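Data from structure_37.tsv: TSV, C-alpha atoms
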```tsv
chain	number	residue	atom	x	y	z
A	1	MET	CA	23.68	2.35	-20.16
A	2	ALA	CA	20.26	1.44	-18.84
A	3	ASP	CA	19.25	-2.21	-18.89
A	4	THR	CA	15.90	-2.10	-20.68
A	5	LYS	CA	15.02	-5.76	-20.12
A	6	ARG	CA	12.25	-6.06	-17.57
A	7	MET	CA	13.16	-8.14	-14.50
A	8	THR	CA	10.51	-10.82	-13.98
A	9	PRO	CA	11.79	-13.12	-11.21
A	10	LEU	CA	8.30	-14.58	-10.68
A	11	LYS	CA	7.61	-15.36	-14.34
A	12	ASN	CA	7.00	-19.04	-13.59
A	13	ILE	CA	4.76	-18.37	-10.56
A	14	THR	CA	0.95	-18.54	-10.72
A	15	VAL	CA	-1.03	-16.60	-8.13
A	16	LEU	CA	-4.66	-17.28	-7.27
A	17	ASP	CA	-5.93	-13.96	-5.90
A	18	LEU	CA	-9.12	-14.54	-3.90
A	19	SER	CA	-8.72	-11.30	-1.97
A	20	LYS	CA	-10.68	-8.07	-2.22
A	21	VAL	CA	-10.61	-4.34	-1.42
A	22	LEU	CA	-7.00	-3.09	-0.88
A	23	ALA	CA	-4.50	-5.18	1.10
A	24	GLY	CA	-4.63	-8.48	-0.79
A	25	PRO	CA	-5.21	-6.94	-4.23
A	26	LEU	CA	-2.19	-4.64	-3.79
A	27	CYS	CA	-0.05	-7.64	-2.86
A	28	GLY	CA	-1.34	-9.48	-5.94
A	29	GLN	CA	-0.61	-6.47	-8.12
A	30	TYR	CA	2.97	-6.31	-6.85
A	31	LEU	CA	3.42	-10.04	-7.50
A	32	GLY	CA	2.18	-9.39	-11.02
A	33	GLU	CA	4.66	-6.56	-11.49
A	34	LEU	CA	7.40	-9.02	-10.57
A	35	GLY	CA	6.25	-11.25	-13.41
A	36	ALA	CA	3.77	-13.62	-11.76
A	37	ARG	CA	0.68	-14.82	-13.62
A	38	VAL	CA	-2.09	-13.47	-11.39
A	39	ILE	CA	-5.67	-14.74	-11.68
A	40	LYS	CA	-8.14	-12.59	-9.78
A	41	VAL	CA	-11.12	-14.67	-8.70
A	42	GLU	CA	-14.21	-12.53	-8.13
A	43	PRO	CA	-17.86	-13.15	-7.30
A	44	VAL	CA	-20.25	-13.21	-10.25
A	45	GLY	CA	-22.46	-10.16	-10.58
A	46	THR	CA	-20.64	-7.74	-8.30
A	47	GLY	CA	-16.98	-8.66	-8.39
A	48	ASP	CA	-14.52	-7.11	-5.95
A	49	ASP	CA	-16.22	-4.68	-3.53
A	50	THR	CA	-14.13	-1.79	-4.83
A	51	ARG	CA	-15.65	-2.09	-8.32
A	52	ALA	CA	-18.63	-0.19	-6.87
A	53	TRP	CA	-16.58	2.46	-5.07
A	54	LEU	CA	-16.54	6.09	-6.14
A	55	PRO	CA	-15.17	7.87	-8.03
A	56	GLN	CA	-16.10	6.13	-11.27
A	57	ASP	CA	-15.04	6.87	-14.84
A	58	ALA	CA	-17.15	5.26	-17.58
A	59	GLY	CA	-18.32	2.73	-15.00
A	60	GLN	CA	-14.79	1.87	-13.86
A	61	SER	CA	-13.79	2.39	-10.24
A	62	ALA	CA	-10.62	4.40	-9.66
A	63	THR	CA	-9.83	2.43	-6.50
A	64	PHE	CA	-10.13	-0.90	-8.33
A	65	LEU	CA	-7.87	0.41	-11.10
A	66	ALA	CA	-5.25	1.42	-8.53
A	67	VAL	CA	-4.56	-2.06	-7.12
A	68	ASN	CA	-5.51	-4.58	-9.80
A	69	HIS	CA	-3.38	-4.14	-12.88
A	70	ASN	CA	-1.24	-7.04	-14.13
A	71	LYS	CA	-4.10	-9.49	-13.43
A	72	ARG	CA	-6.69	-11.49	-15.32
A	73	SER	CA	-10.24	-11.76	-13.99
A	74	LEU	CA	-12.26	-14.94	-13.51
A	75	ALA	CA	-15.80	-14.37	-12.23
A	76	VAL	CA	-17.03	-17.49	-10.45
A	77	ASP	CA	-19.72	-18.38	-7.92
A	78	LEU	CA	-17.97	-20.26	-5.12
A	79	LYS	CA	-21.33	-21.16	-3.62
A	80	THR	CA	-21.86	-23.61	-6.47
A	81	ALA	CA	-20.17	-26.98	-6.86
A	82	GLN	CA	-19.06	-26.05	-10.38
A	83	GLY	CA	-17.51	-22.81	-9.17
A	84	ARG	CA	-15.58	-24.54	-6.39
A	85	GLU	CA	-14.39	-27.22	-8.80
A	86	VAL	CA	-12.97	-24.52	-11.09
A	87	VAL	CA	-11.03	-22.91	-8.25
A	88	HIS	CA	-9.79	-26.29	-7.04
A	89	ARG	CA	-8.41	-27.00	-10.51
A	90	LEU	CA	-6.67	-23.64	-10.44
A	91	ALA	CA	-5.26	-24.31	-6.98
A	92	ALA	CA	-3.81	-27.59	-8.18
A	93	GLN	CA	-1.69	-25.65	-10.68
A	94	ALA	CA	-1.02	-22.53	-8.59
A	95	ASP	CA	1.97	-21.56	-6.47
A	96	VAL	CA	0.42	-18.83	-4.30
A	97	VAL	CA	-3.06	-18.21	-2.93
A	98	LEU	CA	-4.14	-14.84	-1.53
A	99	GLN	CA	-7.30	-14.96	0.57
A	100	GLY	CA	-9.07	-12.33	2.65
A	101	PHE	CA	-12.48	-13.73	3.50
A	102	GLY	CA	-13.95	-12.99	6.90
A	103	GLY	CA	-14.32	-15.51	9.69
A	104	ARG	CA	-15.15	-19.04	8.56
A	105	THR	CA	-16.21	-18.01	5.05
A	106	ALA	CA	-13.18	-19.54	3.32
A	107	ALA	CA	-13.91	-22.97	4.81
A	108	ARG	CA	-17.58	-22.68	3.92
A	109	LEU	CA	-16.63	-21.89	0.30
A	110	GLY	CA	-14.03	-24.64	0.12
A	111	VAL	CA	-11.02	-22.34	-0.35
A	112	ASP	CA	-9.46	-22.54	3.12
A	113	TYR	CA	-5.85	-23.59	3.66
A	114	GLU	CA	-6.69	-27.12	4.75
A	115	THR	CA	-8.74	-27.76	1.60
A	116	LEU	CA	-6.42	-26.17	-0.94
A	117	SER	CA	-3.17	-27.43	0.59
A	118	GLY	CA	-4.71	-30.90	0.53
A	119	ILE	CA	-5.06	-30.47	-3.23
A	120	ASN	CA	-1.60	-28.92	-3.65
A	121	PRO	CA	0.84	-29.30	-0.71
A	122	LYS	CA	3.31	-26.90	-2.36
A	123	LEU	CA	0.95	-23.92	-2.10
A	124	VAL	CA	2.10	-20.77	-0.37
A	125	TYR	CA	-1.22	-19.73	1.15
A	126	CYS	CA	-1.50	-16.19	2.52
A	127	GLU	CA	-4.56	-15.38	4.63
A	128	ILE	CA	-5.24	-11.71	5.37
A	129	SER	CA	-7.56	-10.86	8.25
A	130	GLY	CA	-8.46	-7.91	10.42
A	131	TYR	CA	-7.25	-9.06	13.83
A	132	GLY	CA	-5.71	-12.47	13.15
A	133	ARG	CA	-7.63	-15.69	13.64
A	134	GLU	CA	-6.76	-16.24	17.30
A	135	GLY	CA	-8.01	-14.31	20.32
A	136	PRO	CA	-11.34	-12.77	21.30
A	137	MET	CA	-11.53	-10.63	18.15
A	138	GLY	CA	-10.42	-13.29	15.70
A	139	GLU	CA	-13.76	-13.41	13.88
A	140	GLU	CA	-14.25	-9.64	13.60
A	141	PRO	CA	-13.93	-7.92	10.22
A	142	GLY	CA	-11.04	-5.55	9.73
A	143	TYR	CA	-11.15	-2.09	8.23
A	144	ASP	CA	-8.21	0.25	7.86
A	145	VAL	CA	-9.76	3.09	9.84
A	146	MET	CA	-10.79	0.74	12.67
A	147	LEU	CA	-7.24	-0.51	13.02
A	148	GLN	CA	-5.97	3.07	12.93
A	149	ALA	CA	-8.24	3.66	15.91
A	150	PHE	CA	-7.55	0.34	17.67
A	151	SER	CA	-3.75	0.61	17.42
A	152	GLY	CA	-3.54	4.10	18.89
A	153	MET	CA	-2.56	5.60	15.54
A	154	ILE	CA	-5.46	8.04	15.37
A	155	SER	CA	-4.85	9.18	18.94
A	156	THR	CA	-1.51	10.60	17.77
A	157	MET	CA	-2.84	12.50	14.74
A	158	GLY	CA	-4.45	15.91	14.52
A	159	GLU	CA	-3.72	19.27	16.08
A	160	PRO	CA	-3.16	19.57	19.84
A	161	GLY	CA	-6.52	20.19	21.46
A	162	GLY	CA	-8.27	19.82	18.10
A	163	SER	CA	-10.17	17.05	16.39
A	164	PHE	CA	-8.67	13.67	15.66
A	165	ALA	CA	-7.60	12.95	12.08
A	166	ARG	CA	-7.18	9.67	10.25
A	167	ALA	CA	-4.40	9.02	7.78
A	168	SER	CA	-6.24	9.59	4.51
A	169	PHE	CA	-4.48	7.00	2.33
A	170	SER	CA	-5.27	3.75	4.21
A	171	PRO	CA	-1.74	2.98	5.45
A	172	VAL	CA	-2.83	-0.13	7.36
A	173	ASP	CA	-4.35	-1.74	4.27
A	174	LEU	CA	-1.48	-0.77	2.00
A	175	GLY	CA	1.13	-1.73	4.58
A	176	THR	CA	-0.53	-5.12	5.03
A	177	GLY	CA	-0.30	-5.70	1.29
A	178	SER	CA	3.41	-4.90	1.38
A	179	PHE	CA	4.08	-7.14	4.39
A	180	ALA	CA	2.14	-9.93	2.70
A	181	LEU	CA	4.36	-9.53	-0.36
A	182	SER	CA	7.55	-9.89	1.67
A	183	GLY	CA	6.17	-12.94	3.49
A	184	ILE	CA	5.17	-14.63	0.24
A	185	LEU	CA	8.57	-14.01	-1.32
A	186	ALA	CA	10.26	-15.49	1.77
A	187	ALA	CA	7.95	-18.52	1.68
A	188	LEU	CA	8.71	-19.08	-2.00
A	189	LEU	CA	12.43	-19.02	-1.20
A	190	GLU	CA	11.92	-21.58	1.56
A	191	ARG	CA	9.81	-23.75	-0.75
A	192	GLY	CA	12.66	-23.72	-3.23
A	193	GLN	CA	14.87	-25.22	-0.53
A	194	THR	CA	12.41	-27.66	1.09
A	195	GLY	CA	9.75	-28.32	-1.55
A	196	ARG	CA	7.05	-27.57	1.02
A	197	GLY	CA	4.33	-24.96	0.95
A	198	GLN	CA	3.47	-22.63	3.80
A	199	TYR	CA	0.56	-20.95	5.54
A	200	LEU	CA	1.06	-17.22	6.07
A	201	ASP	CA	-1.01	-15.34	8.64
A	202	VAL	CA	-1.08	-11.60	7.94
A	203	SER	CA	-3.39	-9.21	9.78
A	204	LEU	CA	-4.23	-5.54	9.76
A	205	LEU	CA	-3.73	-5.53	13.54
A	206	ASP	CA	-0.14	-6.74	13.23
A	207	THR	CA	0.53	-4.19	10.52
A	208	SER	CA	-0.95	-1.28	12.47
A	209	LEU	CA	1.15	-1.99	15.54
A	210	GLY	CA	4.15	-2.67	13.32
A	211	LEU	CA	3.74	0.86	11.95
A	212	MET	CA	3.59	2.14	15.54
A	213	SER	CA	6.74	0.25	16.60
A	214	TYR	CA	9.10	3.13	17.36
A	215	MET	CA	6.33	5.06	19.09
A	216	ALA	CA	5.66	1.95	21.19
A	217	GLN	CA	9.34	1.82	22.14
A	218	ASN	CA	9.24	5.50	23.10
A	219	TYR	CA	6.29	4.74	25.38
A	220	TRP	CA	7.98	1.72	26.97
A	221	ARG	CA	11.12	3.74	27.70
A	222	THR	CA	9.40	6.87	29.05
A	223	GLY	CA	5.92	5.86	30.15
A	224	GLN	CA	4.57	8.81	28.18
A	225	ILE	CA	1.67	8.26	25.79
A	226	PRO	CA	2.24	9.87	22.37
A	227	ARG	CA	0.31	13.10	21.95
A	228	ARG	CA	-1.17	14.89	18.99
A	229	MET	CA	1.39	17.26	17.52
A	230	GLY	CA	-0.04	18.28	14.14
A	231	THR	CA	2.92	18.09	11.77
A	232	GLY	CA	5.44	18.21	14.62
A	233	HIS	CA	7.77	15.44	15.78
A	234	PRO	CA	8.26	14.36	19.40
A	235	ALA	CA	12.01	13.76	19.04
A	236	MET	CA	13.20	16.63	16.82
A	237	CYS	CA	12.62	20.35	16.64
A	238	PRO	CA	12.14	22.32	14.46
A	239	TYR	CA	10.68	19.51	12.37
A	240	GLN	CA	7.23	20.47	11.09
A	241	ALA	CA	5.26	22.75	8.78
A	242	PHE	CA	5.68	26.51	9.06
A	243	ARG	CA	3.88	29.43	7.48
A	244	ALA	CA	5.96	31.30	4.93
A	245	ALA	CA	4.98	34.65	3.47
A	246	ASP	CA	2.89	33.11	0.68
A	247	GLY	CA	2.07	29.58	1.86
A	248	ASP	CA	3.28	26.67	3.95
A	249	ILE	CA	6.59	24.83	3.92
A	250	MET	CA	7.80	21.68	5.64
A	251	LEU	CA	11.09	22.12	7.47
A	252	GLY	CA	13.18	19.29	8.91
A	253	VAL	CA	16.16	20.20	11.09
A	254	GLY	CA	17.37	16.73	11.96
A	255	ASN	CA	20.50	17.40	14.01
A	256	ASP	CA	22.58	20.12	15.62
A	257	ALA	CA	24.82	20.68	12.60
A	258	GLN	CA	21.72	21.32	10.52
A	259	TRP	CA	20.45	23.72	13.20
A	260	GLN	CA	23.66	25.68	12.91
A	261	ARG	CA	23.34	25.89	9.14
A	262	PHE	CA	19.66	26.77	9.38
A	263	CYS	CA	20.39	29.62	11.78
A	264	ALA	CA	23.01	30.97	9.39
A	265	VAL	CA	20.52	30.99	6.50
A	266	ALA	CA	17.59	32.26	8.58
A	267	GLY	CA	19.43	35.10	10.31
A	268	LEU	CA	19.32	33.43	13.74
A	269	ARG	CA	23.05	33.27	14.45
A	270	ASP	CA	22.51	34.67	17.95
A	271	TYR	CA	20.58	31.51	18.82
A	272	VAL	CA	23.04	28.90	17.57
A	273	ASP	CA	24.70	28.42	20.95
A	274	ALA	CA	21.94	29.78	23.18
A	275	PRO	CA	21.38	27.35	26.10
A	276	ASP	CA	17.70	26.89	25.25
A	277	PHE	CA	18.34	26.03	21.60
A	278	ALA	CA	21.90	24.78	21.08
A	279	ARG	CA	21.18	21.06	21.15
A	280	ASN	CA	18.23	19.15	19.81
A	281	ALA	CA	17.39	17.99	23.33
A	282	ASP	CA	17.25	21.66	24.37
A	283	ARG	CA	14.99	22.54	21.46
A	284	VAL	CA	12.64	19.64	22.16
A	285	ARG	CA	12.52	20.60	25.84
A	286	ASN	CA	11.71	24.18	24.79
A	287	PHE	CA	9.49	23.03	21.94
A	288	ASP	CA	6.97	25.88	21.89
A	289	ALA	CA	9.63	28.56	22.20
A	290	THR	CA	11.68	26.99	19.38
A	291	VAL	CA	8.66	26.78	17.09
A	292	ALA	CA	7.72	30.38	17.83
A	293	LEU	CA	11.28	31.56	17.15
A	294	VAL	CA	11.51	29.73	13.83
A	295	GLN	CA	8.02	30.81	12.80
A	296	SER	CA	8.95	34.46	13.33
A	297	ARG	CA	11.63	34.05	10.65
A	298	MET	CA	9.84	31.74	8.25
A	299	GLU	CA	7.01	34.18	7.65
A	300	THR	CA	9.44	36.81	6.35
A	301	ARG	CA	10.17	35.02	3.04
A	302	THR	CA	8.20	33.14	0.41
A	303	VAL	CA	8.22	29.39	0.01
A	304	ALA	CA	10.33	29.69	-3.14
A	305	GLN	CA	12.87	31.92	-1.38
A	306	TRP	CA	13.22	29.47	1.47
A	307	LEU	CA	13.66	26.51	-0.87
A	308	GLU	CA	16.28	28.41	-2.81
A	309	SER	CA	18.30	29.22	0.31
A	310	LEU	CA	17.77	26.12	2.45
A	311	LYS	CA	18.41	23.37	-0.09
A	312	PRO	CA	21.99	24.46	-0.94
A	313	ALA	CA	22.70	24.55	2.80
A	314	GLY	CA	21.65	20.91	3.15
A	315	ILE	CA	18.52	21.65	5.16
A	316	ALA	CA	15.61	19.30	4.43
A	317	CYS	CA	12.59	21.23	3.27
A	318	SER	CA	9.69	20.88	0.87
A	319	ALA	CA	6.77	22.79	-0.44
A	320	ILE	CA	3.55	21.17	0.74
A	321	HIS	CA	2.29	19.91	-2.59
A	322	THR	CA	-1.18	18.96	-3.57
A	323	LEU	CA	-1.33	15.53	-5.19
A	324	ASP	CA	-1.52	16.92	-8.72
A	325	GLN	CA	1.62	18.95	-8.10
A	326	ALA	CA	3.48	15.93	-6.78
A	327	LEU	CA	2.46	13.73	-9.72
A	328	ALA	CA	3.59	16.39	-12.20
A	329	HIS	CA	6.95	17.03	-10.55
A	330	PRO	CA	10.02	16.42	-12.75
A	331	GLN	CA	11.61	14.26	-10.04
A	332	VAL	CA	8.70	11.83	-10.27
A	333	ALA	CA	9.09	11.79	-14.05
A	334	ALA	CA	12.81	11.07	-13.68
A	335	ARG	CA	12.02	8.00	-11.57
A	336	ASP	CA	9.73	6.49	-14.26
A	337	LEU	CA	7.38	5.63	-11.42
A	338	ILE	CA	4.15	6.09	-13.38
A	339	VAL	CA	3.34	3.11	-15.60
A	340	LYS	CA	0.79	3.01	-18.41
A	341	SER	CA	-1.45	0.35	-19.88
A	342	GLU	CA	-4.27	0.20	-22.42
A	343	HIS	CA	-7.67	-0.39	-20.83
A	344	PRO	CA	-10.49	-1.80	-23.02
A	345	VAL	CA	-12.95	0.86	-21.81
A	346	LEU	CA	-10.84	3.81	-20.66
A	347	GLY	CA	-8.00	3.71	-23.13
A	348	GLU	CA	-4.62	4.69	-21.69
A	349	VAL	CA	-4.57	4.34	-17.91
A	350	ARG	CA	-1.79	5.45	-15.59
A	351	ASN	CA	-0.81	3.67	-12.38
A	352	VAL	CA	1.80	4.14	-9.70
A	353	GLY	CA	4.22	1.28	-10.31
A	354	LEU	CA	6.04	-1.01	-7.91
A	355	PRO	CA	8.04	1.23	-5.52
A	356	VAL	CA	11.16	-0.87	-6.11
A	357	ARG	CA	13.44	-0.40	-9.07
A	358	PHE	CA	15.91	-3.04	-10.24
A	359	GLY	CA	18.98	-1.29	-11.58
A	360	ARG	CA	17.83	0.99	-14.37
A	361	GLN	CA	15.19	-1.39	-15.68
A	362	PRO	CA	11.91	0.24	-16.64
A	363	ARG	CA	8.78	-0.36	-14.62
A	364	GLN	CA	5.73	-1.33	-16.58
A	365	ALA	CA	2.15	-2.53	-16.29
A	366	ALA	CA	1.87	-5.54	-18.56
A	367	LEU	CA	-1.94	-5.66	-18.22
A	368	PRO	CA	-4.55	-3.09	-17.19
A	369	ALA	CA	-6.93	-3.77	-14.32
A	370	PRO	CA	-9.33	-6.35	-15.79
A	371	LEU	CA	-13.04	-6.06	-16.42
A	372	LEU	CA	-15.15	-8.43	-14.34
A	373	GLY	CA	-14.87	-11.90	-15.87
A	374	GLU	CA	-12.85	-10.54	-18.79
A	375	HIS	CA	-10.64	-13.64	-18.92
A	376	SER	CA	-13.09	-16.28	-17.69
A	377	ARG	CA	-13.30	-18.16	-20.98
A	378	GLU	CA	-9.55	-18.04	-21.53
A	379	ILE	CA	-8.77	-19.31	-18.03
A	380	LEU	CA	-11.34	-22.10	-18.18
A	381	ALA	CA	-10.06	-23.23	-21.56
A	382	GLY	CA	-6.54	-23.27	-20.11
A	383	LEU	CA	-7.80	-25.60	-17.36
A	384	GLY	CA	-8.99	-28.07	-19.98
A	385	TYR	CA	-12.70	-27.29	-20.02
A	386	ALA	CA	-14.35	-27.90	-23.38
A	387	GLU	CA	-16.23	-25.05	-25.03
A	388	ALA	CA	-19.57	-26.80	-24.37
A	389	GLU	CA	-18.71	-27.13	-20.67
A	390	ILE	CA	-17.83	-23.46	-20.49
A	391	ASP	CA	-21.08	-22.50	-22.19
A	392	ALA	CA	-23.01	-24.64	-19.71
A	393	MET	CA	-21.32	-23.01	-16.72
A	394	LEU	CA	-22.02	-19.57	-18.14
A	395	ALA	CA	-25.65	-20.47	-18.73
A	396	ALA	CA	-25.97	-21.84	-15.19
A	397	GLY	CA	-24.44	-18.68	-13.71
A	398	SER	CA	-21.64	-20.50	-11.89
A	399	VAL	CA	-19.21	-18.55	-14.05
A	400	GLN	CA	-19.53	-15.12	-15.65
A	401	ALA	CA	-17.70	-13.77	-18.68
A	402	HIS	CA	-17.46	-10.14	-19.66
A	403	THR	CA	-18.27	-9.16	-23.20
A	404	LEU	CA	-17.55	-5.89	-24.92
A	405	PRO	CA	-19.90	-4.47	-27.55
A	406	GLY	CA	-19.64	-6.55	-30.70
A	407	GLU	CA	-18.32	-9.64	-28.90
A	408	ASP	CA	-20.11	-12.93	-28.29
A	409	ALA	CA	-20.61	-14.09	-24.71
```

Now that the file is in, can you turn its structure into structure tokens?
Amino acid sequence: MADTKRMTPLKNITVLDLSKVLAGPLCGQYLGELGARVIKVEPVGTGDDTRAWLPQDAGQSATFLAVNHNKRSLAVDLKTAQGREVVHRLAAQADVVLQGFGGRTAARLGVDYETLSGINPKLVYCEISGYGREGPMGEEPGYDVMLQAFSGMISTMGEPGGSFARASFSPVDLGTGSFALSGILAALLERGQTGRGQYLDVSLLDTSLGLMSYMAQNYWRTGQIPRRMGTGHPAMCPYQAFRAADGDIMLGVGNDAQWQRFCAVAGLRDYVDAPDFARNADRVRNFDATVALVQSRMETRTVAQWLESLKPAGIACSAIHTLDQALAHPQVAARDLIVKSEHPVLGEVRNVGLPVRFGRQPRQAALPAPLLGEHSREILAGLGYAEAEIDAMLAAGSVQAHTLPGEDA
């Protein structure tokens, strides 16, 4: 039977999320899904940059919604003494700080590692930057697409002889958020053994080259720079998209046994042991000829016919779905990957949950992505501020609280 109790290993951990855009917020969201109490600290007036990104629904940014559930929002002006004092009080009680300010901004705002660890030596402080803080580019801002370009990633994407293409889903940002999560969890384990906090240095540069690691090893071993191959693979063939009679299909023949089974299904038995195609090394060496041979067969049947015949034979293949088709697929439903929460403006909101499942425990979003300053009063009261002090900070603009229609500020 399924264990329906939600696993919350970080239920006693408080996270101060000073990050913005994608990498840090995703890490904070994952920490929240593991049970942490996550306080998202945002600038008054504008909030996280992604709150202004398109598309918008009823004034709510889809991108912000995607990486900020399971958090509470405190809108505070760190340029004011009152605002810094609020964050310092939070840091004194926190376990983890996520920070992604550029250059020397964190020190200027009083939320750098030296300042906050001086207040709370047990803090696990994770700084996310574009290129790391050392080196000639240490002060430059980092953007996912720039690191795709810098790392050589973009040079490997696109059709041969055609235009370059970027990975559309910001893998460097999202990967950085995931690496930050693993580093924070490791640092919390170490703190449990030593009682000491830790400074974590996570950069988009390190992530981008980490994602290129096996391609880097291929280059070091061969001296050959990776080339654009469309959907093809430099080490396996046939392993790419092909045109079927009514659309496109992704085919992955990963070894010689699979090639033999594929040939049996595709009517290519005469080519199973042919010198140019028998082994994967032969097929890669004769890449264009192999692709042309397979294409000549793939276009004779529909996508559905190929799926019906290839899957029972143990040949990896997939229809090339659009996103709506993937989200609606029964396999995704069976994984309970989509979590739901109740948003104060949008009503029921769906999110992709943490891509880790503990046993058969359900994934869930305990809180929707917050409105800007939605929890400011609650958080300040929890820090011991009197109602009159909170009102004064709100009036001064050092703190902002969100109000819904019919509510008092």

Could you check how far CA of Pro275 in chain A sits from CA of Gln258 in chain A, in Å to one decimal?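 Those two atoms sit 16.7 Å apart.
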
Could you tell me which of A:Val332, A:Ala149, A:Ala388, A:Val124 comes closest to Arg196 in chain A if we count all atoms listed in the file?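 Counting all atoms listed in the file, the residue closest to Arg196 in chain A is A:Val124.
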
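With distances taken over all atoms listed in the file, A:Gly254 is the one residue among A:Gly110, A:Gly254, A:Gly118, A:Gly210 lying closest to Ile315 in chain A.
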
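The shell of residues at most 8 Å from Ala94 in chain A, with all atoms listed in the file counted and near chain neighbours (fewer than 6 positions) removed, consists of Ile13, Thr14, Val15, Leu16 and Leu123 of chain A.
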
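Of the residues under consideration (A:Val172, A:Leu310, A:Ala58, A:Leu26), A:Ala58 shows the shortest atom-to-atom contact distance to His343 in chain A when counting only C-alpha atoms.
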
For range 39-45 of chain A, work out the shell of residues within 7 Å, counting all atoms listed in the file and skipping chain neighbours fewer than 6 positions away, then give it as a list in words. Val15, Leu16, Asp17, Leu18, Lys71, Arg72, Ser73, Leu74, Ala75, Val76, Asp77, Val399 and Gln400 of chain A

For CA of Phe262 in chain A and CA of Ala313 in chain A, quote the distance in Å rounded to one decimal.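 According to the coordinates, CA of Phe262 in chain A and CA of Ala313 in chain A are separated by 7.6 Å.
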
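Taking CA of Leu98 in chain A and CA of Gly28 in chain A as endpoints, the distance between them is 7.5 Å.
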
Looking at all atoms listed in the file, which of A:Pro238, A:Gly223, A:Gly102, A:Gly135 is the one that sits closest to Phe277 in chain A?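 Counting all atoms listed in the file, the residue closest to Phe277 in chain A is A:Pro238.
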
Using all atoms listed in the file, which protein or nucleic acid residues come within 8 Å of Lys340 in chain A? Drop anything in the same chain fewer than 4 positions from it, and give the result as a PyMOL selection string. chain A and resi 348-351+364-365

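When all atoms listed in the file are used to measure the gap to Asn255 in chain A, the shortest distance among A:Tyr271, A:Tyr214, A:Ala316, A:Ser309 belongs to A:Ala316.
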
Extract, using all atoms listed in the file, all DNA, RNA and protein residues at most 12 Å from range 10-12 of chain A, discarding same-chain residues fewer than 5 positions from it, and format them as a list in words.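 What passes the distance filter is Gly28, Tyr30, Leu31, Gly32, Glu33, Leu34, Gly35, Ala36, Arg37, Val38, Gln93, Ala94, Asp95, Val96, Ile184, Leu185, Leu188 and Leu189 of chain A.
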
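Residue nearest Gly162 in chain A, chosen from A:Gly314, A:Gly230, A:Gly373, A:Pro330 and counting all atoms listed in the file: A:Gly230.
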
Who sits within 6 Å of Ser203 in chain A, only C-alpha atoms, same chain under 2 positions skipped, as JSON, numbers by chain: {"A": [128, 129, 130, 131, 132, 205, 206]}

Please dump the current selection as a CSV table (one decimal), keeping the file's coordinate frame; keep C-alpha atoms.
```csv
chain,number,residue,atom,x,y,z
A,128,ILE,CA,-5.2,-11.7,5.4
A,129,SER,CA,-7.6,-10.9,8.2
A,130,GLY,CA,-8.5,-7.9,10.4
A,131,TYR,CA,-7.2,-9.1,13.8
A,132,GLY,CA,-5.7,-12.5,13.2
A,205,LEU,CA,-3.7,-5.5,13.5
A,206,ASP,CA,-0.1,-6.7,13.2
```

Using all atoms listed in the file, what residues lie at most 12 Å away from (3.4, 2.8, 20.7) (file coordinates), given as a list in words?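 The requested residues, written out, are Phe150, Ser151, Gly152, Met153, Ile154, Ser155, Thr156, Ser208, Leu209, Gly210, Leu211, Met212, Ser213, Tyr214, Met215, Ala216, Gln217, Asn218, Tyr219, Trp220, Arg221, Thr222, Gly223, Gln224, Ile225, Pro226 and Arg227 of chain A.
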
Please determine the residues with any atom at most 9 Å from (-7.7, -26.0, -5.8) (coordinates as given in the file, with only C-alpha atoms counting) and report them as a ChimeraX atom specification. /A:84-94,110-111,115-120
